[in-house]
$ cat final20.cif   # mmCIF, N, CA and C atoms
data_my_file
loop_
_atom_site.label_atom_id
_atom_site.label_comp_id
_atom_site.auth_asym_id
_atom_site.auth_seq_id
_atom_site.Cartn_x
_atom_site.Cartn_y
_atom_site.Cartn_z
N MET A 113 142.10 61.51 114.89
CA MET A 113 140.81 61.79 114.30
C MET A 113 140.04 62.72 115.21
N SER A 114 139.45 63.75 114.65
CA SER A 114 138.66 64.70 115.43
C SER A 114 137.21 64.23 115.53
N VAL A 115 136.58 64.63 116.62
CA VAL A 115 135.18 64.31 116.85
C VAL A 115 134.43 65.61 117.02
N MET A 116 133.27 65.72 116.37
CA MET A 116 132.48 66.95 116.49
C MET A 116 132.01 67.14 117.93
N SER A 117 132.17 68.34 118.41
CA SER A 117 131.69 68.67 119.75
C SER A 117 130.29 69.29 119.66
N GLU A 118 129.70 69.59 120.79
CA GLU A 118 128.36 70.17 120.81
C GLU A 118 128.33 71.53 120.12
N ASN A 119 129.43 72.31 120.22
CA ASN A 119 129.42 73.63 119.58
C ASN A 119 129.51 73.55 118.06
N HIS A 120 129.77 72.37 117.49
CA HIS A 120 129.71 72.17 116.04
C HIS A 120 128.29 71.80 115.60
N GLN A 121 127.44 71.44 116.56
CA GLN A 121 126.11 70.94 116.24
C GLN A 121 124.97 71.84 116.70
N LYS A 122 125.21 72.68 117.72
CA LYS A 122 124.16 73.54 118.26
C LYS A 122 124.68 74.96 118.44
N LEU A 123 123.76 75.92 118.26
CA LEU A 123 124.09 77.32 118.49
C LEU A 123 123.94 77.65 119.96
N ASP A 124 124.75 78.59 120.45
CA ASP A 124 124.60 79.03 121.85
C ASP A 124 123.46 80.04 121.95
N GLU A 125 123.26 80.64 123.11
CA GLU A 125 122.16 81.57 123.32
C GLU A 125 122.31 82.86 122.51
N HIS A 126 123.50 83.13 121.97
CA HIS A 126 123.75 84.30 121.15
C HIS A 126 123.65 83.99 119.66
N GLY A 127 123.31 82.74 119.32
CA GLY A 127 123.18 82.34 117.92
C GLY A 127 124.49 82.05 117.23
N ILE A 128 125.52 81.66 118.01
CA ILE A 128 126.84 81.38 117.43
C ILE A 128 127.27 79.96 117.78
N GLY A 129 127.82 79.28 116.79
CA GLY A 129 128.41 77.96 116.97
C GLY A 129 129.73 77.91 116.22
N LYS A 130 130.23 76.74 115.95
CA LYS A 130 131.48 76.58 115.21
C LYS A 130 131.22 75.77 113.95
N CYS A 131 131.90 76.13 112.87
CA CYS A 131 131.73 75.45 111.58
C CYS A 131 132.21 74.00 111.70
N SER A 132 131.37 73.08 111.21
CA SER A 132 131.65 71.65 111.35
C SER A 132 132.31 71.02 110.12
N VAL A 133 132.68 71.83 109.13
CA VAL A 133 133.28 71.29 107.91
C VAL A 133 134.67 70.73 108.23
N PRO A 134 134.90 69.45 107.89
CA PRO A 134 136.21 68.86 108.18
C PRO A 134 137.30 69.43 107.28
N MET A 135 138.47 69.61 107.84
CA MET A 135 139.64 70.09 107.12
C MET A 135 140.61 68.93 106.92
N TRP A 136 141.39 69.01 105.86
CA TRP A 136 142.33 67.93 105.52
C TRP A 136 143.70 68.50 105.23
N CYS A 137 144.73 67.74 105.54
CA CYS A 137 146.11 68.14 105.24
C CYS A 137 146.86 66.88 104.79
N ASP A 138 147.38 66.91 103.60
CA ASP A 138 148.11 65.76 103.04
C ASP A 138 147.27 64.49 103.07
N GLY A 139 145.96 64.62 102.82
CA GLY A 139 145.07 63.47 102.77
C GLY A 139 144.64 62.93 104.12
N LEU A 140 145.01 63.61 105.18
CA LEU A 140 144.67 63.15 106.53
C LEU A 140 143.77 64.18 107.21
N PRO A 141 142.89 63.74 108.12
CA PRO A 141 142.03 64.69 108.85
C PRO A 141 142.86 65.67 109.67
N ALA A 142 142.44 66.94 109.63
CA ALA A 142 143.17 67.98 110.36
C ALA A 142 142.21 68.86 111.16
N GLY A 143 141.17 68.27 111.72
CA GLY A 143 140.24 69.04 112.55
C GLY A 143 139.09 69.59 111.74
N PHE A 144 138.55 70.70 112.23
CA PHE A 144 137.39 71.34 111.61
C PHE A 144 137.71 72.78 111.27
N CYS A 145 136.87 73.37 110.43
CA CYS A 145 137.03 74.78 110.06
C CYS A 145 137.03 75.65 111.32
N ASP A 146 136.05 75.46 112.20
CA ASP A 146 135.93 76.15 113.49
C ASP A 146 135.72 77.66 113.44
N LYS A 147 135.42 78.22 112.27
CA LYS A 147 135.06 79.63 112.23
C LYS A 147 133.65 79.77 112.81
N ASP A 148 133.28 81.00 113.20
CA ASP A 148 131.94 81.22 113.73
C ASP A 148 130.89 80.82 112.70
N ALA A 149 129.91 80.05 113.14
CA ALA A 149 128.81 79.61 112.29
C ALA A 149 127.50 80.08 112.90
N TYR A 150 126.53 80.44 112.03
CA TYR A 150 125.26 80.99 112.49
C TYR A 150 124.07 80.12 112.12
N GLY A 151 124.31 78.89 111.75
CA GLY A 151 123.24 77.96 111.41
C GLY A 151 123.72 76.93 110.42
N GLU A 152 122.79 76.09 109.97
CA GLU A 152 123.12 75.05 109.00
C GLU A 152 122.99 75.59 107.58
N ARG A 153 123.70 74.97 106.65
CA ARG A 153 123.60 75.35 105.25
C ARG A 153 122.21 74.97 104.75
N PRO A 154 121.51 75.88 104.06
CA PRO A 154 120.17 75.54 103.57
C PRO A 154 120.21 74.50 102.46
N GLU A 155 119.12 73.76 102.32
CA GLU A 155 119.00 72.77 101.26
C GLU A 155 118.98 73.46 99.90
N SER A 156 119.49 72.78 98.88
CA SER A 156 119.48 73.29 97.52
C SER A 156 119.60 72.14 96.54
N LYS A 157 119.09 72.31 95.35
CA LYS A 157 119.25 71.29 94.32
C LYS A 157 120.73 71.22 93.93
N THR A 158 121.18 70.01 93.63
CA THR A 158 122.58 69.82 93.21
C THR A 158 122.63 69.02 91.92
N TRP A 159 123.74 69.14 91.23
CA TRP A 159 124.01 68.33 90.05
C TRP A 159 125.51 68.15 89.92
N ARG A 160 125.92 67.17 89.16
CA ARG A 160 127.33 66.90 88.94
C ARG A 160 127.70 67.43 87.56
N GLY A 161 128.69 68.32 87.52
CA GLY A 161 129.14 68.92 86.27
C GLY A 161 129.96 67.94 85.44
N ALA A 162 130.29 68.34 84.22
CA ALA A 162 131.08 67.51 83.31
C ALA A 162 132.47 67.23 83.88
N ASP A 163 132.95 68.11 84.77
CA ASP A 163 134.27 67.92 85.38
C ASP A 163 134.23 66.95 86.57
N GLY A 164 133.02 66.46 86.92
CA GLY A 164 132.88 65.51 88.01
C GLY A 164 132.59 66.13 89.36
N TYR A 165 132.65 67.46 89.45
CA TYR A 165 132.40 68.14 90.72
C TYR A 165 130.92 68.41 90.92
N GLU A 166 130.47 68.29 92.16
CA GLU A 166 129.09 68.58 92.49
C GLU A 166 128.90 70.09 92.58
N ARG A 167 127.77 70.58 92.06
CA ARG A 167 127.44 72.00 92.08
C ARG A 167 126.08 72.17 92.76
N ARG A 168 125.90 73.33 93.38
CA ARG A 168 124.62 73.66 94.02
C ARG A 168 123.93 74.77 93.22
N GLU A 169 122.62 74.70 93.15
CA GLU A 169 121.85 75.70 92.42
C GLU A 169 122.02 77.09 93.01
N ASP A 170 122.16 77.20 94.35
CA ASP A 170 122.30 78.51 94.98
C ASP A 170 123.74 79.03 94.97
N GLY A 171 124.67 78.27 94.41
CA GLY A 171 126.06 78.72 94.28
C GLY A 171 126.89 78.61 95.55
N ARG A 172 126.35 78.06 96.61
CA ARG A 172 127.09 77.93 97.86
C ARG A 172 128.03 76.73 97.81
N TYR A 173 128.87 76.62 98.82
CA TYR A 173 129.82 75.52 98.97
C TYR A 173 129.09 74.19 98.85
N ALA A 174 129.60 73.29 98.01
CA ALA A 174 128.93 72.02 97.74
C ALA A 174 129.57 70.83 98.45
N GLY A 175 130.61 71.06 99.22
CA GLY A 175 131.28 69.96 99.91
C GLY A 175 130.49 69.44 101.10
N PHE A 176 131.08 68.51 101.83
CA PHE A 176 130.44 67.87 102.96
C PHE A 176 130.32 68.83 104.14
N VAL A 177 129.09 69.01 104.63
CA VAL A 177 128.81 69.85 105.80
C VAL A 177 127.95 69.03 106.75
N PRO A 178 128.53 68.45 107.81
CA PRO A 178 127.76 67.58 108.69
C PRO A 178 126.78 68.28 109.62
N ALA A 179 127.02 69.54 109.97
CA ALA A 179 126.11 70.23 110.90
C ALA A 179 126.16 71.74 110.62
N LEU A 180 126.64 72.56 111.55
CA LEU A 180 126.69 74.01 111.37
C LEU A 180 127.73 74.39 110.32
N ALA A 181 127.46 75.50 109.62
CA ALA A 181 128.37 75.97 108.58
C ALA A 181 128.61 77.47 108.71
N CYS A 182 129.85 77.89 108.53
CA CYS A 182 130.18 79.32 108.51
C CYS A 182 129.73 79.88 107.15
N PRO A 183 129.67 81.21 106.99
CA PRO A 183 129.26 81.77 105.70
C PRO A 183 130.13 81.29 104.52
N ALA A 184 131.41 81.08 104.73
CA ALA A 184 132.28 80.62 103.65
C ALA A 184 131.93 79.21 103.18
N HIS A 185 131.35 78.41 104.05
CA HIS A 185 130.96 77.05 103.71
C HIS A 185 129.45 76.92 103.51
N GLY A 186 128.81 78.01 103.13
CA GLY A 186 127.40 77.97 102.75
C GLY A 186 126.40 78.25 103.85
N GLY A 187 126.86 78.57 105.04
CA GLY A 187 125.95 78.86 106.14
C GLY A 187 125.39 80.27 106.07
N PRO A 188 124.44 80.60 106.94
CA PRO A 188 123.84 81.94 106.97
C PRO A 188 124.88 83.02 107.28
N ASP A 189 124.64 84.24 106.74
CA ASP A 189 125.57 85.34 106.99
C ASP A 189 125.19 86.17 108.21
N SER A 190 124.07 85.83 108.85
CA SER A 190 123.64 86.56 110.05
C SER A 190 123.28 85.57 111.15
N ARG A 191 123.40 86.04 112.39
CA ARG A 191 123.04 85.17 113.51
C ARG A 191 121.67 85.55 114.04
N VAL A 192 120.99 84.57 114.60
CA VAL A 192 119.63 84.77 115.11
C VAL A 192 119.57 84.27 116.54
N PHE A 193 118.91 85.04 117.39
CA PHE A 193 118.75 84.63 118.78
C PHE A 193 117.42 85.16 119.29
N LYS A 194 116.94 84.58 120.37
CA LYS A 194 115.66 84.97 120.96
C LYS A 194 115.89 86.21 121.82
N ASP A 195 115.06 87.25 121.60
CA ASP A 195 115.11 88.48 122.38
C ASP A 195 113.71 88.73 122.93
N GLY A 196 113.48 88.29 124.15
CA GLY A 196 112.13 88.35 124.72
C GLY A 196 111.24 87.33 124.03
N SER A 197 110.15 87.80 123.43
CA SER A 197 109.25 86.88 122.73
C SER A 197 109.50 86.84 121.23
N ALA A 198 110.40 87.68 120.73
CA ALA A 198 110.68 87.75 119.28
C ALA A 198 112.07 87.20 118.96
N TRP A 199 112.25 86.84 117.70
CA TRP A 199 113.57 86.46 117.21
C TRP A 199 114.27 87.71 116.71
N CYS A 200 115.56 87.81 116.95
CA CYS A 200 116.36 88.96 116.54
C CYS A 200 117.48 88.46 115.63
N ALA A 201 117.67 89.11 114.48
CA ALA A 201 118.74 88.76 113.55
C ALA A 201 119.72 89.93 113.44
N VAL A 202 121.01 89.64 113.51
CA VAL A 202 122.05 90.67 113.41
C VAL A 202 123.21 90.11 112.59
N TYR A 203 124.00 91.03 112.01
CA TYR A 203 125.20 90.62 111.29
C TYR A 203 126.35 90.45 112.28
N PRO A 204 127.44 89.79 111.89
CA PRO A 204 128.55 89.53 112.81
C PRO A 204 129.18 90.79 113.42
N ASP A 205 129.08 91.95 112.73
CA ASP A 205 129.69 93.19 113.26
C ASP A 205 128.75 93.95 114.20
N PHE A 206 127.72 93.28 114.74
CA PHE A 206 126.73 93.90 115.61
C PHE A 206 127.39 94.56 116.81
N VAL A 207 126.99 95.82 117.06
CA VAL A 207 127.47 96.57 118.23
C VAL A 207 126.33 96.73 119.22
N ASN A 208 125.25 97.39 118.79
CA ASN A 208 124.03 97.52 119.60
C ASN A 208 122.87 97.85 118.66
N ILE A 209 121.65 97.84 119.19
CA ILE A 209 120.46 98.02 118.35
C ILE A 209 120.43 99.40 117.71
N GLN A 210 120.95 100.43 118.37
CA GLN A 210 120.93 101.78 117.83
C GLN A 210 121.92 101.97 116.68
N GLU A 211 123.08 101.32 116.74
CA GLU A 211 124.13 101.55 115.76
C GLU A 211 124.20 100.51 114.65
N SER A 212 123.61 99.35 114.84
CA SER A 212 123.75 98.24 113.89
C SER A 212 122.44 97.92 113.20
N HIS A 213 122.54 97.21 112.09
CA HIS A 213 121.35 96.70 111.40
C HIS A 213 120.77 95.57 112.24
N VAL A 214 119.43 95.58 112.39
CA VAL A 214 118.74 94.58 113.21
C VAL A 214 117.43 94.22 112.53
N GLY A 215 117.03 92.96 112.65
CA GLY A 215 115.74 92.52 112.16
C GLY A 215 115.03 91.71 113.23
N PHE A 216 113.74 91.93 113.41
CA PHE A 216 112.94 91.18 114.38
C PHE A 216 111.82 90.46 113.65
N GLY A 217 111.43 89.30 114.18
CA GLY A 217 110.33 88.56 113.58
C GLY A 217 109.84 87.46 114.49
N ASP A 218 108.71 86.86 114.09
CA ASP A 218 108.12 85.76 114.86
C ASP A 218 108.87 84.45 114.66
N THR A 219 109.64 84.36 113.55
CA THR A 219 110.45 83.18 113.26
C THR A 219 111.87 83.63 112.91
N PRO A 220 112.85 82.74 112.99
CA PRO A 220 114.21 83.13 112.58
C PRO A 220 114.27 83.61 111.13
N GLU A 221 113.51 82.96 110.24
CA GLU A 221 113.51 83.35 108.82
C GLU A 221 112.93 84.76 108.64
N ALA A 222 111.84 85.07 109.36
CA ALA A 222 111.24 86.41 109.28
C ALA A 222 112.20 87.47 109.81
N ALA A 223 112.92 87.16 110.87
CA ALA A 223 113.89 88.11 111.43
C ALA A 223 115.02 88.37 110.43
N ARG A 224 115.51 87.32 109.77
CA ARG A 224 116.57 87.50 108.76
C ARG A 224 116.08 88.33 107.58
N GLU A 225 114.83 88.14 107.17
CA GLU A 225 114.26 88.92 106.07
C GLU A 225 114.16 90.39 106.46
N GLU A 226 113.74 90.68 107.68
CA GLU A 226 113.67 92.07 108.16
C GLU A 226 115.07 92.68 108.24
N LEU A 227 116.06 91.89 108.63
CA LEU A 227 117.44 92.36 108.69
C LEU A 227 117.92 92.75 107.29
N ARG A 228 117.64 91.91 106.30
CA ARG A 228 118.03 92.23 104.91
C ARG A 228 117.37 93.54 104.45
N LYS A 229 116.08 93.70 104.77
CA LYS A 229 115.37 94.94 104.40
C LYS A 229 115.99 96.14 105.08
N ASP A 230 116.29 96.03 106.38
CA ASP A 230 116.90 97.13 107.13
C ASP A 230 118.24 97.52 106.54
N ALA A 231 119.04 96.53 106.17
CA ALA A 231 120.37 96.80 105.63
C ALA A 231 120.29 97.47 104.26
N THR A 232 119.35 97.06 103.41
CA THR A 232 119.26 97.65 102.06
C THR A 232 118.57 99.00 102.07
N GLU A 233 117.58 99.21 102.96
CA GLU A 233 116.88 100.49 103.01
C GLU A 233 117.72 101.60 103.61
N SER A 234 118.68 101.27 104.44
CA SER A 234 119.46 102.31 105.12
C SER A 234 120.63 102.83 104.29
N VAL A 235 120.85 102.28 103.12
CA VAL A 235 121.93 102.77 102.27
C VAL A 235 121.51 104.12 101.72
N ASP A 236 122.25 105.18 102.07
CA ASP A 236 121.91 106.54 101.65
C ASP A 236 122.59 106.84 100.34
N LYS A 237 121.82 106.97 99.29
CA LYS A 237 122.37 107.21 97.96
C LYS A 237 122.56 108.70 97.68
N THR A 238 122.30 109.57 98.67
CA THR A 238 122.47 111.00 98.44
C THR A 238 123.77 111.53 99.05
N ASP A 239 124.61 110.66 99.55
CA ASP A 239 125.88 111.08 100.13
C ASP A 239 127.03 110.51 99.31
N CYS A 240 128.04 111.34 99.09
CA CYS A 240 129.26 110.89 98.44
C CYS A 240 130.17 110.32 99.53
N PRO A 241 130.75 109.14 99.33
CA PRO A 241 131.60 108.57 100.38
C PRO A 241 132.85 109.40 100.65
N ILE A 242 133.21 110.29 99.71
CA ILE A 242 134.41 111.11 99.88
C ILE A 242 134.07 112.52 100.38
N HIS A 243 133.06 113.15 99.76
CA HIS A 243 132.75 114.55 100.06
C HIS A 243 131.52 114.76 100.92
N GLY A 244 130.82 113.71 101.30
CA GLY A 244 129.66 113.84 102.20
C GLY A 244 128.37 114.18 101.48
N ASP A 245 127.57 115.08 102.09
CA ASP A 245 126.23 115.40 101.61
C ASP A 245 126.27 116.01 100.21
N LEU A 246 125.37 115.53 99.35
CA LEU A 246 125.30 116.04 97.98
C LEU A 246 124.22 117.11 97.84
N GLY A 247 123.56 117.45 98.93
CA GLY A 247 122.51 118.46 98.88
C GLY A 247 121.28 118.00 98.11
N GLY A 248 120.98 116.72 98.13
CA GLY A 248 119.78 116.22 97.46
C GLY A 248 120.02 115.80 96.02
N GLY A 249 121.20 116.00 95.48
CA GLY A 249 121.47 115.62 94.09
C GLY A 249 121.76 114.14 93.97
N ASN A 250 121.89 113.66 92.74
CA ASN A 250 122.15 112.25 92.50
C ASN A 250 123.62 111.96 92.20
N TYR A 251 124.45 112.98 92.06
CA TYR A 251 125.87 112.76 91.82
C TYR A 251 126.68 113.85 92.52
N CYS A 252 127.94 113.57 92.72
CA CYS A 252 128.81 114.52 93.41
C CYS A 252 129.49 115.42 92.38
N PRO A 253 129.29 116.72 92.46
CA PRO A 253 129.93 117.62 91.49
C PRO A 253 131.45 117.72 91.67
N LYS A 254 131.96 117.27 92.83
CA LYS A 254 133.40 117.34 93.08
C LYS A 254 134.15 116.12 92.58
N CYS A 255 133.42 115.01 92.35
CA CYS A 255 134.08 113.76 91.93
C CYS A 255 134.28 113.72 90.43
#
$ encode --input "final20.cif" --output "structure tokens"
Amino acid sequence: MSVMSENHQKLDEHGIGKCSVPMWCDGLPAGFCDKDAYGERPESKTWRGADGYERREDGRYAGFVPALACPAHGGPDSRVFKDGSAWCAVYPDFVNIQESHVGFGDTPEAAREELRKDATESVDKTDCPIHGDLGGGNYCPKC
């Protein structure tokens, strides 16, 4: 039988922990998911469907999550950590502040909201992914 360690329950200084969702093999405990987790799964309304399975209103994983959860098990998709006096939110592919999407805020939630805004505002709709700059047009004449 596996026992949850501290890294399944708390995030480190970089905002990373391990997913605490238990895994099973042939009806027996087989450890934990252990993928990188960036927080706990948020609360959501649930109901039981006609098939007997529990469903969540937000569509996330509805199974048992004792502490931290990876994105696949309903946890946050970005990590948050303290940077000076502000909270900083970044996605898992973070390289540095100049090259990656970043959000800052007074709370972890505010930092994640700024990160989402930064990621959606930076999508350049005037470039074709194949041919590059469209010269200000809305479609690529070569595609």
$ resolve_selection --input "final20.cif" --expression "the PyMOL selection byres ((chain A and resi 168) around 7)" --output "JSON, numbers by chain"
{"A": [156, 157, 158, 159, 166, 167, 169, 170, 171, 172, 173, 174]}
$ atom_distance --input "final20.cif" --atom1 "CA of Phe193 in chain A" --atom2 "atom C of Phe206 in chain A"
13.3 Å
$ select_by_dssp --input "final20.cif" --residues "range 195-227 of chain A" --states "helix (DSSP H, G or I)" --output "ChimeraX atom specification"
/A:220-227
$ resolve_selection --input "final20.cif" --expression "the PyMOL selection byres ((chain A and resi 114) around 7)" --output "PyMOL selection string"
chain A and resi 113+115-116+141-144
$ atom_distance --input "final20.cif" --atom1 "atom C of Ala223 in chain A" --atom2 "atom C of Gln210 in chain A"
16.5 Å
